[in-house]
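Q: First the structure, which I've put down as structure tokens, then a few questions once you've had a look.
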Amino acid sequence: MSGKTITILNLYSNDMNIYGDRGNVLCLQKRLKWYGYEPRIIEYNQGDKFPNDVDIIVGGGGQDSGQSKIKADLIKIGPKLIKLADDNVSMLMICGLYQLFGKFFKTSEGEIIEGIGLLDIETFGKSERLIGNIVTSSELFGDIIGYENHSGQTFLGHKVQAFGRVRIGAGNNTSDISEGAIYKNVIGSYMHGSLLPKNPAVADYLIEQATKRKFGEFKVKGLDNTYTEMARKIAAKRPR
Amino acid sequence: MPKPLVTILGKAVKKAAALRGGGSALPGLVVEHIYPDFISNTLADLPLGVVVISGTNGKTTTTKMVVELLESQGLKVFTNRTGSNFTRGIAAALLGDINIKGELHADIAVLELDEAHAVHFVKKIIPRFSLLLNVMRDQLDRFGEIDHTTNLLRHVADATTDIVVLNREDRRIASIAKSLDDKKVRFYGLDESLLSLFPSDDDLHGNNTKIKASQTADVVLSKFSGSSATFIIDGKSVSTKLKLTGIYNVFNAAAALSLVRAIIGDKIDQTKLIEALAKVTPAFGRGEMIKVNGKPLELVLVKNPSGFRLGLKSFDSAGYATMIAINDNYADGRDMSWLWDVDFTSLVSDGVEQVSGVRAYDMALRLQYDEVKINDVDTDLKSALDKFISKYSERPMRVYCTYTAMLAIRKSLSKIAKVEVVK
């Protein structure tokens with residue numbers, strides 16, 4: 001199967017990378033390699049030329065200073081990202097970029113930061129920080145386990161579905177039990193941890209959609225999940 | 001309540017707490033409650049005032065160095081030696097050192113404070129000198145973002161009356177100088193050839209263009225090889241042997257030298273200063289060497305991604321048996337995502353013999369993705385340590401551990417083996 005290249009775009013790798021989000025890229029890269037594909041990583045930062053050929057896009061959270069650095073560039077490439085999403089490209093956006101993939105972020109001072117509107121979500125800055133271990137569940141992925149750390153509260157519109165339903169923790173907001181959002185093959189979430197290594201079902205979903213889209217097939221190869229299963233079991237029992 | 005009575009009460013609580021075998025901060029908490037100005041009143045009269053040392057990594061060993069270097073110059077130094085670096089820990093340390101009238105016989109106080117507590121501390125007690133080491137991603141779930149942490153340290157620098165010593169090679173720390181009077185600032189730094197050994201959080205994500213620093217540094221670490229180092233002090237080259245291991249400890253020696261030079265001024269006895277530096281050993285759990293049944297075992301405390309990365313860079317894994325113990329208690333930080341910000345590929349060639357701690361499987365999973373071979377995973381620290389020591393002591397042993405894992409390991413070690421601390 002050699003020669004089957006899957007290109008992962010690491011969106012704003014310099015400024016949006018907080019809380020181990022880099023583990024998501026590493027997880028996809030290694031699983032693709034173990035499945036026999038050739039992963040290729042492209043780092044995209046503000047001002048770079050946006051590549052034509054992309055199969056999976058991964059983005060993370062950032063500090064306020066990081067977000068203000070990438071904001072303008074993100075608005076510029078927004079239409080390209082929306083086109084790729086509608087063309088079923090797999091994407092995973094965590095925390096800060098999850099928020100900015102939405103319609104807007106309204107700060108607690110009332111300032112409105114425009115998002116790209118790829119996801120039908122709205123986010124409101126609050127004084128309370130939602131921090132701790134989090135467990136959600138979904139029909140598609142089973143239990144999803146991670147760690148959340150955010151003060152923005154996100155509300156879902158009609159065009160997206162929740163990524164998971166919160167069992168332990170806060171999730172999108174303190175009002176409903178949704179966590180994250182899914183639109184086509186785009187997943188947005190507040191979960192760090194890193195998310196993908198601890199939730200291989202989500203990683204394999206992104207890989208499966210990408211390889212099917214590109215090559216029309218996805219050959220599953222059993223990987224040793226012993227450490228993953230134990231890490232999940234223990235994480236789900238830890239105090240918040 | 002008059003101060004002598006507070007002192008007696010505090011000392012009594014300290015004794016009682018020691019009998020319980022417990023925490024160094026409790027007696028301080030009691031005193032702080034009934035006499036809130038206890039620390040400021042006791043420290044206010046010291047002839048050379050108060051020195052604050054803060055930053056993400058290396059505070060404890062650097063404070064130990066500064067104290068020993070000041071003592072080499074004939075000063076009597078008060079410090080919060082127990083590693084309990086909260087205000088409360090200082091109150092507790094004071095209780096041990098003052099006489100019954102509440103007087104402290106010392107020339108100067110050198111205090112290690114974490115960033116969040118340093119800000120509150122300097123509101124009550126104005127430091128004459130401060131040393132700011134670095135700002136790296138620590139337990140962000142506690143302090144928030146690193147830009148915020150930089151601002152906390154900026155407050156400490158602003159409050160300092162005489163001299164602020166800054167790390168020239170940490171871009172966030174160096175930027176604090178911009179808002180300070182030039183006369184108040186001293187830098188310590190690294191020779192360009194050593195810069196690549198200090199990856200920052202930014203470098204990890206591809207920003208690895210190191211900009212050559214433009215400011216002149218008072219002390220520069222220019223060369224480092226195993227057990228000796230060369231410093232450029234005020235333009236002159238000085239070489240010495242060292243007992244400190246790990247390049248980050250040695251870089252902090254440059255910080256300590258610069259701070260002590262600022263405090264002592266022209267009267268400094270450089271021969272005695274360098275002699276004292278050569279004798280400094282690492283602090284508790286910071287790359288310290290202990291002997292277990294006569295075999296060497298090194299404990300390396302890892303609290304955050306930058307510290308773990310520096311540890312892996314500083315200590316070559318070749319020929320060593322390696323154990324990693326990761327806990328997620330409050331003092332360690334609950335969030336495990338930091339492990340994904342550390343590159344473990346330097347362990348690929350020799351593998352990891354034992355993984356342990358509450359979050360042993362998170363660590364094992366992390367190693368799996370860097371394709372590092374693991375011999376055994378056991379969440380129970382005591383049994384993991386037993387196995388590690390009995391199977392691998394033909395090689396020198398090294399244990400990377402989080403804070404509460406380190407405490408548990410020290411305790412277990414003393415029960416299962418004969419332990420001596422190597423000076």
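Residue numbering restarts at 1 in every chain; chains get A, B, ... in the order shown in the structure tokens, and ligands count up from 1 in that same order.
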If you run DSSP over the backbone, which residues in segment 26-221 of chain A end up alpha helix (DSSP H)? Put them as number ranges by chain.
A: A: 26-34, 64-86, 96-100, 195-198, 200-215
Q: Identify every residue of chain A that has at least one atom within 8 Å of any atom of chain B, counting only C-alpha atoms, and report the result as a PyMOL selection string.
A: chain A and resi 13-14+17+19-23+26-27+30+63+65+131-133+147+149+192-194+197+227-228+230-231+234-235+240
Q: Counting only C-alpha atoms, what is within 6 Å of segment 49-61 of chain A, bar same-chain residues fewer than 5 positions away, as a PyMOL selection string?
A: chain A and resi 6-11+16-18+21+89-97+210
Q: Output N, CA and C atoms for every residue in that selection, as a PDB file, in the first residue's frame.
A:
```pdb
ATOM      1  N   ILE A   6      -1.417  10.492   2.892  1.00  0.00           N
ATOM      2  CA  ILE A   6      -2.484  11.285   3.499  1.00  0.00           C
ATOM      3  C   ILE A   6      -1.839  12.530   4.107  1.00  0.00           C
ATOM      4  N   THR A   7      -2.320  13.697   3.689  1.00  0.00           N
ATOM      5  CA  THR A   7      -1.717  14.948   4.144  1.00  0.00           C
ATOM      6  C   THR A   7      -2.520  15.543   5.304  1.00  0.00           C
ATOM      7  N   ILE A   8      -1.812  15.767   6.422  1.00  0.00           N
ATOM      8  CA  ILE A   8      -2.434  16.397   7.596  1.00  0.00           C
ATOM      9  C   ILE A   8      -1.961  17.840   7.668  1.00  0.00           C
ATOM     10  N   LEU A   9      -2.897  18.749   7.724  1.00  0.00           N
ATOM     11  CA  LEU A   9      -2.544  20.161   7.869  1.00  0.00           C
ATOM     12  C   LEU A   9      -2.685  20.540   9.342  1.00  0.00           C
ATOM     13  N   ASN A  10      -1.574  20.952   9.959  1.00  0.00           N
ATOM     14  CA  ASN A  10      -1.608  21.406  11.351  1.00  0.00           C
ATOM     15  C   ASN A  10      -1.824  22.915  11.339  1.00  0.00           C
ATOM     16  N   LEU A  11      -3.051  23.317  11.650  1.00  0.00           N
ATOM     17  CA  LEU A  11      -3.463  24.712  11.487  1.00  0.00           C
ATOM     18  C   LEU A  11      -2.905  25.591  12.616  1.00  0.00           C
ATOM     19  N   MET A  16      -1.450  28.116  18.094  1.00  0.00           N
ATOM     20  CA  MET A  16      -2.624  27.424  18.640  1.00  0.00           C
ATOM     21  C   MET A  16      -2.237  25.970  18.933  1.00  0.00           C
ATOM     22  N   ASN A  17      -1.646  25.762  20.082  1.00  0.00           N
ATOM     23  CA  ASN A  17      -1.054  24.456  20.359  1.00  0.00           C
ATOM     24  C   ASN A  17      -1.040  24.141  21.850  1.00  0.00           C
ATOM     25  N   ILE A  18      -1.882  24.817  22.617  1.00  0.00           N
ATOM     26  CA  ILE A  18      -1.765  24.720  24.072  1.00  0.00           C
ATOM     27  C   ILE A  18      -2.268  23.360  24.567  1.00  0.00           C
ATOM     28  N   ASP A  21      -2.178  19.738  22.519  1.00  0.00           N
ATOM     29  CA  ASP A  21      -2.978  19.460  21.322  1.00  0.00           C
ATOM     30  C   ASP A  21      -2.135  18.853  20.204  1.00  0.00           C
ATOM     31  N   VAL A  89     -13.823  16.907   3.817  1.00  0.00           N
ATOM     32  CA  VAL A  89     -12.487  16.757   4.403  1.00  0.00           C
ATOM     33  C   VAL A  89     -12.635  16.598   5.922  1.00  0.00           C
ATOM     34  N   SER A  90     -11.845  15.680   6.505  1.00  0.00           N
ATOM     35  CA  SER A  90     -11.879  15.468   7.963  1.00  0.00           C
ATOM     36  C   SER A  90     -11.190  16.620   8.676  1.00  0.00           C
ATOM     37  N   MET A  91     -11.811  17.112   9.735  1.00  0.00           N
ATOM     38  CA  MET A  91     -11.184  18.171  10.519  1.00  0.00           C
ATOM     39  C   MET A  91     -11.444  17.942  12.002  1.00  0.00           C
ATOM     40  N   LEU A  92     -10.450  18.320  12.816  1.00  0.00           N
ATOM     41  CA  LEU A  92     -10.613  18.285  14.264  1.00  0.00           C
ATOM     42  C   LEU A  92     -10.154  19.620  14.822  1.00  0.00           C
ATOM     43  N   MET A  93     -11.043  20.360  15.472  1.00  0.00           N
ATOM     44  CA  MET A  93     -10.698  21.667  16.038  1.00  0.00           C
ATOM     45  C   MET A  93     -10.972  21.650  17.537  1.00  0.00           C
ATOM     46  N   ILE A  94      -9.931  21.954  18.313  1.00  0.00           N
ATOM     47  CA  ILE A  94     -10.052  21.900  19.763  1.00  0.00           C
ATOM     48  C   ILE A  94     -10.083  23.319  20.334  1.00  0.00           C
ATOM     49  N   CYS A  95     -10.942  23.520  21.314  1.00  0.00           N
ATOM     50  CA  CYS A  95     -10.932  24.713  22.171  1.00  0.00           C
ATOM     51  C   CYS A  95     -10.949  26.025  21.377  1.00  0.00           C
ATOM     52  N   GLY A  96      -9.860  26.740  21.326  1.00  0.00           N
ATOM     53  CA  GLY A  96      -9.816  28.064  20.703  1.00  0.00           C
ATOM     54  C   GLY A  96     -10.243  28.050  19.239  1.00  0.00           C
ATOM     55  N   LEU A  97      -9.716  27.100  18.474  1.00  0.00           N
ATOM     56  CA  LEU A  97     -10.095  27.065  17.054  1.00  0.00           C
ATOM     57  C   LEU A  97     -11.504  26.504  16.862  1.00  0.00           C
ATOM     58  N   ALA A 210     -11.060  10.190   5.707  1.00  0.00           N
ATOM     59  CA  ALA A 210     -10.044  10.761   4.814  1.00  0.00           C
ATOM     60  C   ALA A 210      -9.578   9.748   3.773  1.00  0.00           C
TER      61      ALA A 210
END
```
Q: Tell me which protein, DNA and RNA residues are within 8 Å of Gly357 of chain B, counting only C-alpha atoms, leaving out same-chain ones fewer than 6 positions away, and put them as an MDAnalysis selection string.
A: chainID B and resid 325:327 378:381 405
Q: Go ahead and save the picked residues with C-alpha atoms, as a PDB file, in the first residue's frame.
A:
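Output file again-v8.pdb is given in full below:
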```pdb
ATOM      1  CA  ALA B 325       6.308   7.684  37.695  1.00  0.00           C
ATOM      2  CA  ILE B 326       3.376  10.000  36.927  1.00  0.00           C
ATOM      3  CA  ASN B 327       0.749  10.975  39.497  1.00  0.00           C
ATOM      4  CA  ASP B 378       2.380  -1.028  37.246  1.00  0.00           C
ATOM      5  CA  THR B 379       0.247   1.714  38.809  1.00  0.00           C
ATOM      6  CA  ASP B 380       1.325   0.659  42.311  1.00  0.00           C
ATOM      7  CA  LEU B 381       4.445   2.696  43.083  1.00  0.00           C
ATOM      8  CA  ALA B 405       5.264  10.382  43.151  1.00  0.00           C
TER       9      ALA B 405
END
```
Q: Identify, on the basis of only C-alpha atoms, every residue whose closest approach to Val135 of chain B does not exceed 12 Å; exclude the query and any residue fewer than 6 positions from it along the same chain; express the result as a PyMOL selection string.
A: chain B and resi 54-59+114-115+143+145-154+166-167+169-176+200-202+304-307
Q: Convert the current residue selection to file output with C-alpha atoms, as a compact mmCIF listing (two decimals), in the first residue's frame.
A:
```
# COMPACT_ATOMS: atom_id res chain seq x y z
CA SER B 54 10.57 33.14 41.22
CA GLY B 55 9.89 31.47 37.86
CA THR B 56 8.50 28.18 36.60
CA ASN B 57 11.49 25.85 36.84
CA GLY B 58 14.60 25.64 39.02
CA LYS B 59 13.51 27.82 41.97
CA ASP B 114 5.86 30.59 43.06
CA GLU B 115 4.54 33.16 40.61
CA PHE B 143 -2.16 29.80 36.93
CA GLU B 145 -1.89 31.26 30.53
CA ILE B 146 1.84 31.91 30.40
CA ASP B 147 1.37 35.51 29.24
CA HIS B 148 -0.63 36.00 32.42
CA THR B 149 2.19 34.42 34.44
CA THR B 150 4.64 36.88 32.84
CA ASN B 151 2.47 39.71 34.11
CA LEU B 152 2.56 38.27 37.62
CA LEU B 153 6.35 38.34 37.50
CA ARG B 154 6.32 41.87 36.09
CA LEU B 166 16.57 38.53 34.57
CA ASN B 167 17.14 35.55 32.27
CA GLU B 169 17.43 33.92 27.02
CA ASP B 170 13.78 33.64 28.07
CA ARG B 171 11.98 35.99 25.77
CA ARG B 172 9.08 36.65 28.16
CA ILE B 173 11.36 37.26 31.15
CA ALA B 174 13.72 39.48 29.13
CA SER B 175 10.76 41.58 27.97
CA ILE B 176 10.10 42.60 31.59
CA SER B 200 11.29 26.72 25.04
CA ASP B 201 7.59 25.97 24.66
CA ASP B 202 7.62 28.14 21.54
CA ASN B 304 5.79 20.42 33.52
CA PRO B 305 6.64 19.87 29.85
CA SER B 306 9.61 22.24 29.76
CA GLY B 307 11.11 20.68 32.89
```
Q: Please run DSSP on the backbone and report, as a PyMOL selection string, all residues within segment 93-338 of chain B that come out as strand (DSSP E).
A: chain B and resi 108-112+129-132+163-167+185-190+219-225+228-233+236-241+286-292+295-301+321-325
Q: Hey, can you check how far atom CA of Lys69 of chain A sits from atom CA of Phe104 of chain A?
A: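 So the two atoms, atom CA of Lys69 of chain A and atom CA of Phe104 of chain A, lie 16.5 Å apart.
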Q: In terms of the shortest atom-to-atom distance over only C-alpha atoms, which of A:Pro39, A:Gly115, A:Gly157, A:Gly164 is closest to Lys103 of chain A?
A: A:Gly115
Q: Any idea what's packed within 9 Å of segment 81-85 of chain A, counting only C-alpha atoms, ignoring anything in its chain fewer than 5 positions away? Could you give it as a PyMOL selection string?
A: chain A and resi 54+90-91+116-118+183-186
Q: Could those residues be written to a file, using N, CA and C atoms, as a PDB file, in the first residue's frame?
A:
```pdb
ATOM      1  N   VAL A  54      -5.134  18.715   0.696  1.00  0.00           N
ATOM      2  CA  VAL A  54      -5.181  18.455   2.137  1.00  0.00           C
ATOM      3  C   VAL A  54      -6.227  17.386   2.430  1.00  0.00           C
ATOM      4  N   SER A  90     -11.845  15.680   6.505  1.00  0.00           N
ATOM      5  CA  SER A  90     -11.879  15.468   7.963  1.00  0.00           C
ATOM      6  C   SER A  90     -11.190  16.620   8.676  1.00  0.00           C
ATOM      7  N   MET A  91     -11.811  17.112   9.735  1.00  0.00           N
ATOM      8  CA  MET A  91     -11.184  18.171  10.519  1.00  0.00           C
ATOM      9  C   MET A  91     -11.444  17.942  12.002  1.00  0.00           C
ATOM     10  N   ILE A 116     -15.392  32.059  11.557  1.00  0.00           N
ATOM     11  CA  ILE A 116     -15.554  31.830  10.114  1.00  0.00           C
ATOM     12  C   ILE A 116     -16.924  31.231   9.778  1.00  0.00           C
ATOM     13  N   GLY A 117     -17.689  30.864  10.803  1.00  0.00           N
ATOM     14  CA  GLY A 117     -19.048  30.383  10.548  1.00  0.00           C
ATOM     15  C   GLY A 117     -19.126  29.016   9.882  1.00  0.00           C
ATOM     16  N   LEU A 118     -18.056  28.250   9.954  1.00  0.00           N
ATOM     17  CA  LEU A 118     -18.094  26.892   9.395  1.00  0.00           C
ATOM     18  C   LEU A 118     -19.011  26.019  10.246  1.00  0.00           C
ATOM     19  N   TYR A 183     -20.148  18.638  12.237  1.00  0.00           N
ATOM     20  CA  TYR A 183     -20.790  19.035  10.988  1.00  0.00           C
ATOM     21  C   TYR A 183     -20.057  18.294   9.874  1.00  0.00           C
ATOM     22  N   LYS A 184     -20.767  17.452   9.111  1.00  0.00           N
ATOM     23  CA  LYS A 184     -20.115  16.590   8.111  1.00  0.00           C
ATOM     24  C   LYS A 184     -18.963  15.836   8.784  1.00  0.00           C
ATOM     25  N   ASN A 185     -17.724  15.950   8.264  1.00  0.00           N
ATOM     26  CA  ASN A 185     -16.606  15.267   8.926  1.00  0.00           C
ATOM     27  C   ASN A 185     -15.772  16.202   9.793  1.00  0.00           C
ATOM     28  N   VAL A 186     -16.373  17.313  10.196  1.00  0.00           N
ATOM     29  CA  VAL A 186     -15.667  18.280  11.038  1.00  0.00           C
ATOM     30  C   VAL A 186     -16.101  18.084  12.489  1.00  0.00           C
TER      31      VAL A 186
END
```
Q: Which is closer to Lys64 of chain B than all the others in B:Ser228, B:Asn134, B:Asn249, B:Ser196, using only C-alpha atoms?
A: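 Using only C-alpha atoms, Lys64 of chain B sits closest to B:Asn249.
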Q: Restricting the calculation to only C-alpha atoms, which member of A:Leu32, A:Leu195, A:Leu223, A:Leu100 is positioned closest to Ile145 of chain A?
A: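 Of A:Leu32, A:Leu195, A:Leu223, A:Leu100, the one nearest Ile145 of chain A is A:Leu195, counting only C-alpha atoms.
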Q: Show which residues sit within 8 Å of Phe129 of chain B, as a list in words. Count only C-alpha atoms, and ignore same-chain residues fewer than 2 positions away.
A: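 Counting only C-alpha atoms, the residues come to Val50, Val51, Val52, Pro127, Leu131, Thr160, Thr161, Asp162, Ile163, Val164, Val165, Leu259 and Ile263 of chain B.
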Q: Write out, as a PDB file, in the first residue's frame, the residues just selected, with C-alpha atoms.
A:
```
ATOM      1  CA  VAL B  50      14.503  40.507  51.306  1.00  0.00           C
ATOM      2  CA  VAL B  51      15.377  38.669  48.085  1.00  0.00           C
ATOM      3  CA  VAL B  52      12.636  36.965  46.043  1.00  0.00           C
ATOM      4  CA  PRO B 127      11.935  43.020  48.131  1.00  0.00           C
ATOM      5  CA  LEU B 131      15.630  36.977  40.435  1.00  0.00           C
ATOM      6  CA  THR B 160      11.652  45.426  43.719  1.00  0.00           C
ATOM      7  CA  THR B 161      13.557  48.477  44.943  1.00  0.00           C
ATOM      8  CA  ASP B 162      17.227  47.796  44.101  1.00  0.00           C
ATOM      9  CA  ILE B 163      18.074  45.216  41.419  1.00  0.00           C
ATOM     10  CA  VAL B 164      16.104  42.742  39.307  1.00  0.00           C
ATOM     11  CA  VAL B 165      18.120  39.885  37.775  1.00  0.00           C
ATOM     12  CA  LEU B 259      22.177  37.799  41.910  1.00  0.00           C
ATOM     13  CA  ILE B 263      23.675  41.920  46.462  1.00  0.00           C
TER      14      ILE B 263
END
```
Q: Select, from A:Asp86, A:Glu43, A:Glu217, A:Asp64, the residue with the minimum atom-to-atom distance to Gly152 of chain A, counting only C-alpha atoms.
A: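 Among A:Asp86, A:Glu43, A:Glu217, A:Asp64, it is A:Asp64 that comes nearest to Gly152 of chain A.
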Q: Enter the distance from atom CA of Lys219 of chain A to atom CA of Glu179 of chain A, in Å, rounded to one decimal.
A: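 Answer for the atom CA of Lys219 of chain A to atom CA of Glu179 of chain A separation: 29.8 Å.
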Q: Given the choices B:Phe198, B:Ser227, B:Ser258, B:Ser72, which gets closest to Lys313 of chain B if the distance is worked out from only C-alpha atoms?
A: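 Among the listed residues, the smallest separation from Lys313 of chain B belongs to B:Phe198.
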Q: Taking only C-alpha atoms into account, name the residue in B:Asn293, B:Gln270, B:Thr62, B:Ser317 that is nearest to Ser393 of chain B.
A: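 Between B:Asn293, B:Gln270, B:Thr62, B:Ser317, the residue approaching Ser393 of chain B most closely is B:Asn293.
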Q: Between atom CA of Ser179 of chain B and atom CA of Ser130 of chain B, measure the distance and give it in Å to one decimal.
A: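 If I compute the distance from atom CA of Ser179 of chain B to atom CA of Ser130 of chain B, I get 15.3 Å.
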